[in-house]
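Text of coords-v2.cif (mmCIF, C-alpha atoms) as supplied:
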data_upload
#
loop_
_atom_site.label_atom_id
_atom_site.label_comp_id
_atom_site.auth_asym_id
_atom_site.auth_seq_id
_atom_site.Cartn_x
_atom_site.Cartn_y
_atom_site.Cartn_z
CA MET A 1 89.21 136.89 -86.28
CA PRO A 2 88.93 133.57 -88.13
CA GLU A 3 89.52 133.74 -91.87
CA ASP A 4 86.99 131.05 -92.70
CA GLY A 5 85.31 129.29 -89.79
CA ALA A 6 83.72 126.68 -92.04
CA ALA A 7 86.91 125.64 -93.81
CA ALA A 8 87.71 122.75 -91.48
CA GLU A 9 84.11 121.53 -91.50
CA ARG A 10 84.05 121.28 -95.30
CA ARG A 11 87.33 119.32 -95.41
CA PRO A 12 87.21 115.65 -94.24
CA HIS A 13 90.79 115.74 -93.00
CA VAL A 14 93.39 118.17 -91.75
CA ASP A 15 96.60 117.26 -93.58
CA VAL A 16 99.75 118.00 -91.59
CA VAL A 17 103.41 118.07 -92.58
CA VAL A 18 106.01 117.73 -89.82
CA VAL A 19 109.42 119.36 -90.24
CA ASP A 20 111.58 117.97 -87.47
CA ASP A 21 114.93 116.21 -87.13
CA HIS A 22 113.93 113.98 -84.22
CA PRO A 23 112.59 110.69 -85.67
CA LEU A 24 110.98 109.51 -82.43
CA PHE A 25 108.95 112.71 -82.14
CA THR A 26 107.79 112.71 -85.75
CA ARG A 27 106.97 108.99 -85.67
CA GLY A 28 104.95 109.40 -82.50
CA LEU A 29 103.10 112.40 -83.93
CA SER A 30 102.37 110.53 -87.16
CA LEU A 31 100.89 107.56 -85.28
CA LEU A 32 99.03 109.34 -82.52
CA LEU A 33 97.49 112.40 -84.18
CA PRO A 34 95.12 110.35 -86.37
CA GLN A 35 94.17 108.22 -83.35
CA VAL A 36 93.38 111.02 -80.93
CA SER A 37 91.52 113.00 -83.61
CA GLY A 38 89.38 110.11 -84.75
CA GLY A 39 91.03 110.25 -88.15
CA GLY A 40 90.40 113.96 -88.56
CA VAL A 41 94.07 114.91 -88.48
CA ARG A 42 96.62 112.98 -90.50
CA VAL A 43 100.32 113.43 -91.11
CA VAL A 44 100.93 113.35 -94.86
CA GLY A 45 104.62 114.15 -94.92
CA VAL A 46 107.71 114.28 -92.73
CA THR A 47 111.17 115.67 -93.34
CA GLU A 48 114.30 116.03 -91.22
CA ASP A 49 115.77 118.57 -93.65
CA ALA A 50 114.71 122.19 -93.14
CA SER A 51 115.74 123.06 -96.69
CA ALA A 52 113.28 120.46 -98.05
CA ALA A 53 110.30 121.71 -96.05
CA ALA A 54 108.82 124.08 -98.64
CA ALA A 55 108.96 121.50 -101.42
CA LEU A 56 107.33 118.87 -99.20
CA VAL A 57 104.50 121.21 -98.23
CA GLN A 58 103.89 122.16 -101.83
CA ARG A 59 103.99 118.55 -103.01
CA SER A 60 101.68 117.20 -100.30
CA ARG A 61 99.29 120.17 -100.43
CA ALA A 62 99.22 120.24 -96.64
CA ASP A 63 96.88 122.40 -94.61
CA VAL A 64 99.23 122.82 -91.65
CA ALA A 65 103.00 122.59 -91.27
CA VAL A 66 104.50 121.89 -87.85
CA VAL A 67 108.09 123.13 -87.78
CA ASP A 68 110.72 122.58 -85.11
CA LEU A 69 112.64 125.82 -84.58
CA GLN A 70 115.76 124.10 -83.26
CA MET A 71 116.80 122.38 -86.47
CA PRO A 72 120.22 122.28 -88.16
CA PRO A 73 120.93 124.98 -90.80
CA PRO A 74 119.14 126.53 -92.54
CA GLY A 75 116.99 126.18 -89.41
CA GLY A 76 113.32 126.22 -88.57
CA THR A 77 112.73 129.95 -89.01
CA ARG A 78 114.04 129.92 -92.57
CA ALA A 79 111.97 126.83 -93.29
CA ILE A 80 108.87 128.72 -92.13
CA ALA A 81 109.67 131.67 -94.40
CA ALA A 82 110.25 129.35 -97.37
CA ILE A 83 106.97 127.52 -96.75
CA ARG A 84 105.07 130.79 -96.64
CA ARG A 85 106.68 131.91 -99.90
CA VAL A 86 105.68 128.81 -101.85
CA ASP A 87 102.18 128.59 -100.36
CA PRO A 88 100.88 131.54 -98.29
CA THR A 89 97.69 129.61 -97.46
CA VAL A 90 99.51 126.98 -95.38
CA ARG A 91 99.16 127.56 -91.66
CA VAL A 92 102.51 127.12 -89.94
CA VAL A 93 102.89 126.20 -86.27
CA ALA A 94 106.33 126.57 -84.72
CA MET A 95 107.46 124.17 -82.00
CA SER A 96 110.56 123.70 -79.85
CA GLY A 97 111.63 122.05 -76.63
CA GLN A 98 112.61 125.39 -75.15
CA ALA A 99 110.28 128.38 -75.36
CA GLU A 100 112.83 131.10 -76.12
CA PRO A 101 110.86 134.33 -76.64
CA ASP A 102 113.31 135.79 -79.19
CA ALA A 103 113.15 132.66 -81.31
CA VAL A 104 109.36 132.61 -81.14
CA VAL A 105 109.15 136.24 -82.21
CA GLU A 106 111.41 135.51 -85.20
CA ALA A 107 109.19 132.56 -86.15
CA LEU A 108 106.05 134.68 -85.97
CA ARG A 109 107.68 137.35 -88.10
CA ALA A 110 108.68 134.70 -90.63
CA GLY A 111 105.03 133.69 -91.02
CA ALA A 112 104.15 131.23 -88.26
CA VAL A 113 100.64 131.65 -86.89
CA GLY A 114 101.47 130.24 -83.50
CA TYR A 115 103.81 128.39 -81.22
CA LEU A 116 103.42 125.23 -79.16
CA PRO A 117 105.90 123.67 -76.71
CA LYS A 118 107.30 120.40 -77.99
CA THR A 119 106.55 118.75 -74.67
CA ALA A 120 102.87 118.85 -75.53
CA ASP A 121 101.29 115.40 -75.89
CA PRO A 122 99.50 114.62 -79.19
CA GLU A 123 96.07 114.88 -77.56
CA SER A 124 96.76 118.50 -76.66
CA LEU A 125 97.92 119.30 -80.19
CA VAL A 126 94.73 118.35 -82.04
CA ARG A 127 92.58 121.32 -80.98
CA PRO A 128 95.33 123.91 -81.64
CA LEU A 129 95.98 122.45 -85.10
CA LEU A 130 92.27 122.66 -85.94
CA ALA A 131 92.17 126.19 -84.53
CA VAL A 132 95.00 127.45 -86.73
CA LEU A 133 93.28 125.97 -89.77
CA ASP A 134 90.23 128.08 -88.90
CA GLY A 135 92.35 131.21 -88.83
CA TRP A 136 93.34 131.54 -85.18
CA SER A 137 96.80 132.21 -83.78
CA ILE A 138 98.01 130.19 -80.80
CA VAL A 139 100.62 131.01 -78.17
CA PRO A 140 100.76 129.54 -74.64
CA GLU A 141 99.56 132.04 -72.05
CA SER A 142 102.82 132.07 -70.10
CA LEU A 143 104.84 132.82 -73.22
CA LEU A 144 102.33 135.43 -74.37
CA ARG A 145 102.68 137.27 -71.08
CA ASP A 146 106.45 137.21 -71.44
CA LEU A 147 106.25 138.58 -74.98
CA LEU A 148 103.87 141.35 -73.91
CA HIS A 149 106.13 142.25 -71.02
CA ARG A 150 109.08 142.52 -73.38
CA ALA A 151 107.02 144.73 -75.69
CA VAL A 152 106.40 147.35 -72.98
CA PRO A 153 108.74 150.24 -73.84
CA VAL A 154 111.19 151.66 -71.34
CA GLU A 155 110.37 155.33 -71.67
CA ASP A 156 113.90 156.71 -71.45
CA ASP A 157 115.10 154.38 -74.22
CA SER A 158 111.99 154.71 -76.38
CA LEU A 159 110.78 157.24 -78.90
CA VAL A 160 108.84 158.93 -76.12
CA GLY A 161 112.00 159.50 -74.14
CA ARG A 162 113.72 161.08 -77.13
CA LEU A 163 111.05 163.75 -77.55
CA THR A 164 111.05 167.08 -75.78
CA ALA A 165 108.40 167.86 -73.17
CA ASP A 166 106.66 170.20 -75.64
CA GLU A 167 106.65 167.50 -78.33
CA ARG A 168 105.17 164.96 -75.93
CA ARG A 169 102.48 167.43 -74.91
CA LEU A 170 101.58 168.09 -78.54
CA TRP A 171 101.55 164.35 -79.26
CA ARG A 172 99.11 163.79 -76.40
CA LEU A 173 96.80 166.47 -77.77
CA VAL A 174 96.93 164.93 -81.24
CA ALA A 175 96.36 161.44 -79.81
CA ALA A 176 93.34 162.71 -77.89
CA GLY A 177 91.77 163.84 -81.17
CA HIS A 178 92.01 167.59 -80.65
CA GLY A 179 91.79 169.68 -83.82
CA THR A 180 94.05 172.50 -84.92
CA VAL A 181 91.91 175.22 -83.32
CA GLU A 182 91.72 173.41 -79.98
CA ILE A 183 95.45 172.78 -79.93
CA ALA A 184 96.16 176.42 -80.82
CA THR A 185 93.97 177.56 -77.92
CA THR A 186 95.58 175.13 -75.48
CA LEU A 187 99.14 176.03 -76.47
CA HIS A 188 98.40 179.75 -76.94
CA VAL A 189 99.83 179.81 -80.45
CA SER A 190 98.42 180.47 -83.91
CA GLU A 191 96.74 177.82 -86.03
CA ARG A 192 99.52 178.21 -88.59
CA THR A 193 102.09 177.43 -85.89
CA VAL A 194 100.12 174.36 -84.82
CA LYS A 195 100.11 173.02 -88.38
CA ARG A 196 103.86 173.53 -88.60
CA LEU A 197 104.49 171.89 -85.22
CA VAL A 198 102.25 168.92 -86.04
CA ALA A 199 104.01 168.41 -89.37
CA GLN A 200 107.37 168.40 -87.57
CA LEU A 201 106.04 165.95 -84.97
CA LEU A 202 104.77 163.55 -87.62
CA ARG A 203 108.20 163.54 -89.24
CA ARG A 204 109.83 162.86 -85.86
CA LEU A 205 107.45 159.95 -85.26
CA GLY A 206 107.91 158.55 -88.76
CA VAL A 207 104.18 158.59 -89.54
CA ALA A 208 102.14 160.31 -92.25
CA THR A 209 98.89 161.26 -90.53
CA ARG A 210 97.48 162.34 -87.18
CA LEU A 211 95.56 159.06 -87.03
CA GLU A 212 98.79 157.08 -87.31
CA ALA A 213 100.33 159.28 -84.62
CA ALA A 214 97.38 158.52 -82.33
CA ALA A 215 97.71 154.78 -82.94
CA LEU A 216 101.44 154.93 -82.21
CA ALA A 217 100.76 156.82 -78.98
CA GLY A 218 98.55 153.96 -77.84
CA ARG A 219 101.19 151.37 -78.66
CA VAL A 220 103.94 153.11 -76.69
CA GLY A 221 101.71 153.88 -73.73
CA LEU A 222 101.66 157.67 -74.08
CA GLN A 223 98.72 158.90 -72.07
CA GLU A 224 97.18 162.36 -72.00
CA GLY A 225 98.18 164.04 -68.79
CA GLY A 226 101.18 161.69 -68.31
CA ARG A 227 104.76 162.63 -67.63
CA GLY A 228 106.25 165.66 -69.30
#
Reformat the file's structure so that it appears as structure tokens.
Amino acid sequence: MPEDGAAAERRPHVDVVVVDDHPLFTRGLSLLLPQVSGGGVRVVGVTEDASAAAALVQRSRADVAVVDLQMPPPGGTRAIAAIRRVDPTVRVVAMSGQAEPDAVVEALRAGAVGYLPKTADPESLVRPLLAVLDGWSIVPESLLRDLLHRAVPVEDDSLVGRLTADERRLWRLVAAGHGTVEIATTLHVSERTVKRLVAQLLRRLGVATRLEAAALAGRVGLQEGGRG
């Protein structure tokens, strides 16, 4: 959900800082972004040094920082983290010539709000840059599908696969919202035993409440009536 949909409308310009060690790319972006946006997007700072990125962002008071992930040490990901530390309000967009899912995930964890392929022409960058300023995250559909596919757990190697059949059954009952009495009736045990078993399950899952256990079940794809 957008953080503040009217933010871009109140500001006459979107000020962008480019952190990239390819002069031709940064020069082209600096010239073309203002043109294709009708002056709405302007590049207010450029650096080829990842270690100087945070200071440049802070000095220029930029709205958006575009950071190339494939930069010399300390690298784009560390530059993103440094930018977010000095100014958490800056929206950071990661870019690279090669969409490597692992690198993109690291960038998102470091604080980037999205990723764009570096092959994108300036015209196609304007709308995404405005979108991130309004609070949206952006990831190309093909890369998003790849990331989601990687996130699907392989049951035998996941937490689900490490649980016993009885623990998985109890987890499904908890995830379905059944109370202590219902679970006791289903498992043919006492309510006291159910409380003990649920407490043990929560410790195994590394969560504190039944609600957290239910949310985790959804994330790992545990379905009531599924295997085991």
The residue from A:Ala81, A:Val198, A:Val174, A:Ile138 with the smallest atom-to-atom distance to Glu106 in chain A, counting only C-alpha atoms, is A:Ala81
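Nearest residue to Ala65 in chain A among A:Asp15, A:Glu212, A:Glu100, A:Glu123 is A:Asp15, counting all atoms listed in the file.
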Name the residues captured by the PyMOL selection byres ((chain A and resi 167) around 10) when it is applied to the shown file; answer as a count of residues only.
-> 18
Radius query 10 Å about (96.6, 115.8, -78.3), atoms used: all atoms listed in the file, as a compact mmCIF listing (two decimals) with C-alpha atoms, in the coordinates of the input:
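Result saved to result.txt:
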# COMPACT_ATOMS: atom_id res chain seq x y z
CA LEU A 29 103.10 112.40 -83.93
CA LEU A 32 99.03 109.34 -82.52
CA LEU A 33 97.49 112.40 -84.18
CA PRO A 34 95.12 110.35 -86.37
CA GLN A 35 94.17 108.22 -83.35
CA VAL A 36 93.38 111.02 -80.93
CA SER A 37 91.52 113.00 -83.61
CA ALA A 120 102.87 118.85 -75.53
CA ASP A 121 101.29 115.40 -75.89
CA PRO A 122 99.50 114.62 -79.19
CA GLU A 123 96.07 114.88 -77.56
CA SER A 124 96.76 118.50 -76.66
CA LEU A 125 97.92 119.30 -80.19
CA VAL A 126 94.73 118.35 -82.04
CA ARG A 127 92.58 121.32 -80.98
CA PRO A 128 95.33 123.91 -81.64
CA LEU A 129 95.98 122.45 -85.10
For the structure shown, which residues end up in the PyMOL selection byres ((chain A and resi 217) around 10)? Put them as a PDB file with C-alpha atoms, in the frame of the given file, please?
ATOM      1  CA  VAL A 160     108.840 158.930 -76.120  1.00  0.00           C
ATOM      2  CA  ARG A 168     105.170 164.960 -75.930  1.00  0.00           C
ATOM      3  CA  TRP A 171     101.550 164.350 -79.260  1.00  0.00           C
ATOM      4  CA  ARG A 172      99.110 163.790 -76.400  1.00  0.00           C
ATOM      5  CA  VAL A 174      96.930 164.930 -81.240  1.00  0.00           C
ATOM      6  CA  ALA A 175      96.360 161.440 -79.810  1.00  0.00           C
ATOM      7  CA  ALA A 176      93.340 162.710 -77.890  1.00  0.00           C
ATOM      8  CA  LEU A 205     107.450 159.950 -85.260  1.00  0.00           C
ATOM      9  CA  LEU A 211      95.560 159.060 -87.030  1.00  0.00           C
ATOM     10  CA  GLU A 212      98.790 157.080 -87.310  1.00  0.00           C
ATOM     11  CA  ALA A 213     100.330 159.280 -84.620  1.00  0.00           C
ATOM     12  CA  ALA A 214      97.380 158.520 -82.330  1.00  0.00           C
ATOM     13  CA  ALA A 215      97.710 154.780 -82.940  1.00  0.00           C
ATOM     14  CA  LEU A 216     101.440 154.930 -82.210  1.00  0.00           C
ATOM     15  CA  GLY A 218      98.550 153.960 -77.840  1.00  0.00           C
ATOM     16  CA  ARG A 219     101.190 151.370 -78.660  1.00  0.00           C
ATOM     17  CA  VAL A 220     103.940 153.110 -76.690  1.00  0.00           C
ATOM     18  CA  GLY A 221     101.710 153.880 -73.730  1.00  0.00           C
ATOM     19  CA  LEU A 222     101.660 157.670 -74.080  1.00  0.00           C
ATOM     20  CA  GLN A 223      98.720 158.900 -72.070  1.00  0.00           C
ATOM     21  CA  GLU A 224      97.180 162.360 -72.000  1.00  0.00           C
TER      22      GLU A 224
END
Hey, could you pull the box centre and edge lengths for range 118-125 of chain A, axis-aligned, 4 Å padding per side, all listed atoms, to one decimal in Å, as AutoDock Vina command-line options?
--center_x 101.7 --center_y 117.5 --center_z -77.4 --size_x 19.2 --size_y 13.8 --size_z 13.5
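Between CA of Val92 in chain A and CA of Arg145 in chain A lies a distance of 21.4 Å.
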Interatomic distance (Å, one decimal) between CA of Met95 in chain A and CA of Ala50 in chain A | 13.4 Å
What's the 12 Å shell around Arg109 in chain A, counting only C-alpha atoms, without same-chain residues fewer than 2 positions away, as an NGL selection string?
-> :A and (77-78 or 80-81 or 84 or 92 or 94 or 102-107 or 111-115)
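Our summary of the geometry notes that CA of Val207 in chain A is positioned 19.2 Å from CA of Ile183 in chain A.
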Check what the PyMOL selection byres ((chain A and resi 19-23) around 10) selects in the file above and give those residues as a PyMOL selection string.
-> chain A and resi 16-18+24-29+45-54+56-57+65-72+76+79-80+94-96
So that I have them on file, write out the residues from the current selection with C-alpha atoms, as an mmCIF file, in the frame of the given file.
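The resulting file, part.cif, is reproduced below:
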data_model
loop_
_atom_site.group_PDB
_atom_site.id
_atom_site.type_symbol
_atom_site.label_atom_id
_atom_site.label_comp_id
_atom_site.auth_asym_id
_atom_site.auth_seq_id
_atom_site.Cartn_x
_atom_site.Cartn_y
_atom_site.Cartn_z
ATOM 1 C CA VAL A 16 99.750 118.000 -91.590
ATOM 2 C CA VAL A 17 103.410 118.070 -92.580
ATOM 3 C CA VAL A 18 106.010 117.730 -89.820
ATOM 4 C CA LEU A 24 110.980 109.510 -82.430
ATOM 5 C CA PHE A 25 108.950 112.710 -82.140
ATOM 6 C CA THR A 26 107.790 112.710 -85.750
ATOM 7 C CA ARG A 27 106.970 108.990 -85.670
ATOM 8 C CA GLY A 28 104.950 109.400 -82.500
ATOM 9 C CA LEU A 29 103.100 112.400 -83.930
ATOM 10 C CA GLY A 45 104.620 114.150 -94.920
ATOM 11 C CA VAL A 46 107.710 114.280 -92.730
ATOM 12 C CA THR A 47 111.170 115.670 -93.340
ATOM 13 C CA GLU A 48 114.300 116.030 -91.220
ATOM 14 C CA ASP A 49 115.770 118.570 -93.650
ATOM 15 C CA ALA A 50 114.710 122.190 -93.140
ATOM 16 C CA SER A 51 115.740 123.060 -96.690
ATOM 17 C CA ALA A 52 113.280 120.460 -98.050
ATOM 18 C CA ALA A 53 110.300 121.710 -96.050
ATOM 19 C CA ALA A 54 108.820 124.080 -98.640
ATOM 20 C CA LEU A 56 107.330 118.870 -99.200
ATOM 21 C CA VAL A 57 104.500 121.210 -98.230
ATOM 22 C CA ALA A 65 103.000 122.590 -91.270
ATOM 23 C CA VAL A 66 104.500 121.890 -87.850
ATOM 24 C CA VAL A 67 108.090 123.130 -87.780
ATOM 25 C CA ASP A 68 110.720 122.580 -85.110
ATOM 26 C CA LEU A 69 112.640 125.820 -84.580
ATOM 27 C CA GLN A 70 115.760 124.100 -83.260
ATOM 28 C CA MET A 71 116.800 122.380 -86.470
ATOM 29 C CA PRO A 72 120.220 122.280 -88.160
ATOM 30 C CA GLY A 76 113.320 126.220 -88.570
ATOM 31 C CA ALA A 79 111.970 126.830 -93.290
ATOM 32 C CA ILE A 80 108.870 128.720 -92.130
ATOM 33 C CA ALA A 94 106.330 126.570 -84.720
ATOM 34 C CA MET A 95 107.460 124.170 -82.000
ATOM 35 C CA SER A 96 110.560 123.700 -79.850
#
Near-Ala55 in chain A list (9 Å; only C-alpha atoms; drop same-chain fewer than 3 positions) as a ChimeraX atom specification | /A:51-52,58-60,82-83,86
Taking all atoms listed in the file into account, which of A:Arg91, A:Glu182, A:Arg85, A:Ser30 comes nearest Trp136 in chain A?
-> A:Arg91
Using only C-alpha atoms, pick whichever of A:Leu31, A:Gly39, A:His188, A:Leu116 has the shortest atom-to-atom distance to His13 in chain A.
-> A:Gly39
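Counting all atoms listed in the file, the residue from A:Val93, A:Val14, A:Leu159, A:Ala62 that sits nearest to Gly206 in chain A is A:Leu159.
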Could you model N, CA, C and O atoms for range 67-86 of chain A and present them as a PDB file, keeping the file's coordinate frame?
ATOM      1  N   VAL A  67     106.658 122.952 -87.544  1.00  0.00           N
ATOM      2  CA  VAL A  67     108.090 123.130 -87.780  1.00  0.00           C
ATOM      3  C   VAL A  67     108.841 123.306 -86.474  1.00  0.00           C
ATOM      4  O   VAL A  67     108.519 124.191 -85.673  1.00  0.00           O
ATOM      5  N   ASP A  68     109.854 122.459 -86.281  1.00  0.00           N
ATOM      6  CA  ASP A  68     110.720 122.580 -85.110  1.00  0.00           C
ATOM      7  C   ASP A  68     111.696 123.733 -85.350  1.00  0.00           C
ATOM      8  O   ASP A  68     112.398 123.780 -86.370  1.00  0.00           O
ATOM      9  N   LEU A  69     111.760 124.666 -84.424  1.00  0.00           N
ATOM     10  CA  LEU A  69     112.640 125.820 -84.580  1.00  0.00           C
ATOM     11  C   LEU A  69     114.109 125.461 -84.401  1.00  0.00           C
ATOM     12  O   LEU A  69     114.991 126.111 -84.966  1.00  0.00           O
ATOM     13  N   GLN A  70     114.373 124.437 -83.598  1.00  0.00           N
ATOM     14  CA  GLN A  70     115.760 124.100 -83.260  1.00  0.00           C
ATOM     15  C   GLN A  70     116.310 123.023 -84.185  1.00  0.00           C
ATOM     16  O   GLN A  70     116.724 121.954 -83.758  1.00  0.00           O
ATOM     17  N   MET A  71     116.302 123.320 -85.480  1.00  0.00           N
ATOM     18  CA  MET A  71     116.800 122.380 -86.470  1.00  0.00           C
ATOM     19  C   MET A  71     118.164 122.830 -86.988  1.00  0.00           C
ATOM     20  O   MET A  71     118.515 124.008 -86.884  1.00  0.00           O
ATOM     21  N   PRO A  72     118.939 121.899 -87.553  1.00  0.00           N
ATOM     22  CA  PRO A  72     120.220 122.280 -88.160  1.00  0.00           C
ATOM     23  C   PRO A  72     120.003 123.276 -89.303  1.00  0.00           C
ATOM     24  O   PRO A  72     118.893 123.383 -89.835  1.00  0.00           O
ATOM     25  N   PRO A  73     121.036 124.003 -89.702  1.00  0.00           N
ATOM     26  CA  PRO A  73     120.930 124.980 -90.800  1.00  0.00           C
ATOM     27  C   PRO A  73     120.292 124.358 -92.033  1.00  0.00           C
ATOM     28  O   PRO A  73     120.558 123.186 -92.334  1.00  0.00           O
ATOM     29  N   PRO A  74     119.435 125.111 -92.721  1.00  0.00           N
ATOM     30  CA  PRO A  74     119.140 126.530 -92.540  1.00  0.00           C
ATOM     31  C   PRO A  74     118.240 126.882 -91.362  1.00  0.00           C
ATOM     32  O   PRO A  74     117.954 128.047 -91.133  1.00  0.00           O
ATOM     33  N   GLY A  75     117.749 125.918 -90.624  1.00  0.00           N
ATOM     34  CA  GLY A  75     116.990 126.180 -89.410  1.00  0.00           C
ATOM     35  C   GLY A  75     115.499 126.295 -89.630  1.00  0.00           C
ATOM     36  O   GLY A  75     115.006 126.456 -90.743  1.00  0.00           O
ATOM     37  N   GLY A  76     114.773 126.210 -88.508  1.00  0.00           N
ATOM     38  CA  GLY A  76     113.320 126.220 -88.570  1.00  0.00           C
ATOM     39  C   GLY A  76     112.722 127.527 -89.044  1.00  0.00           C
ATOM     40  O   GLY A  76     111.741 127.540 -89.795  1.00  0.00           O
ATOM     41  N   THR A  77     113.293 128.647 -88.624  1.00  0.00           N
ATOM     42  CA  THR A  77     112.730 129.950 -89.010  1.00  0.00           C
ATOM     43  C   THR A  77     112.801 130.155 -90.520  1.00  0.00           C
ATOM     44  O   THR A  77     111.844 130.624 -91.143  1.00  0.00           O
ATOM     45  N   ARG A  78     113.937 129.785 -91.121  1.00  0.00           N
ATOM     46  CA  ARG A  78     114.040 129.920 -92.570  1.00  0.00           C
ATOM     47  C   ARG A  78     113.119 128.950 -93.297  1.00  0.00           C
ATOM     48  O   ARG A  78     112.589 129.254 -94.366  1.00  0.00           O
ATOM     49  N   ALA A  79     112.914 127.789 -92.701  1.00  0.00           N
ATOM     50  CA  ALA A  79     111.970 126.830 -93.290  1.00  0.00           C
ATOM     51  C   ALA A  79     110.561 127.420 -93.297  1.00  0.00           C
ATOM     52  O   ALA A  79     109.815 127.272 -94.273  1.00  0.00           O
ATOM     53  N   ILE A  80     110.196 128.088 -92.214  1.00  0.00           N
ATOM     54  CA  ILE A  80     108.870 128.720 -92.130  1.00  0.00           C
ATOM     55  C   ILE A  80     108.720 129.779 -93.222  1.00  0.00           C
ATOM     56  O   ILE A  80     107.704 129.835 -93.925  1.00  0.00           O
ATOM     57  N   ALA A  81     109.730 130.626 -93.370  1.00  0.00           N
ATOM     58  CA  ALA A  81     109.670 131.670 -94.400  1.00  0.00           C
ATOM     59  C   ALA A  81     109.559 131.072 -95.787  1.00  0.00           C
ATOM     60  O   ALA A  81     108.790 131.563 -96.630  1.00  0.00           O
ATOM     61  N   ALA A  82     110.295 129.996 -96.049  1.00  0.00           N
ATOM     62  CA  ALA A  82     110.250 129.350 -97.370  1.00  0.00           C
ATOM     63  C   ALA A  82     108.883 128.731 -97.632  1.00  0.00           C
ATOM     64  O   ALA A  82     108.350 128.824 -98.745  1.00  0.00           O
ATOM     65  N   ILE A  83     108.311 128.114 -96.606  1.00  0.00           N
ATOM     66  CA  ILE A  83     106.970 127.520 -96.750  1.00  0.00           C
ATOM     67  C   ILE A  83     105.955 128.598 -97.095  1.00  0.00           C
ATOM     68  O   ILE A  83     105.115 128.432 -97.979  1.00  0.00           O
ATOM     69  N   ARG A  84     106.032 129.712 -96.406  1.00  0.00           N
ATOM     70  CA  ARG A  84     105.070 130.790 -96.640  1.00  0.00           C
ATOM     71  C   ARG A  84     105.235 131.396 -98.031  1.00  0.00           C
ATOM     72  O   ARG A  84     104.270 131.859 -98.628  1.00  0.00           O
ATOM     73  N   ARG A  85     106.465 131.374 -98.550  1.00  0.00           N
ATOM     74  CA  ARG A  85     106.680 131.910 -99.900  1.00  0.00           C
ATOM     75  C   ARG A  85     106.048 131.018-100.959  1.00  0.00           C
ATOM     76  O   ARG A  85     105.434 131.517-101.914  1.00  0.00           O
ATOM     77  N   VAL A  86     106.196 129.709-100.810  1.00  0.00           N
ATOM     78  CA  VAL A  86     105.680 128.810-101.850  1.00  0.00           C
ATOM     79  C   VAL A  86     104.172 128.622-101.744  1.00  0.00           C
ATOM     80  O   VAL A  86     103.504 128.361-102.746  1.00  0.00           O
TER      81      VAL A  86
END
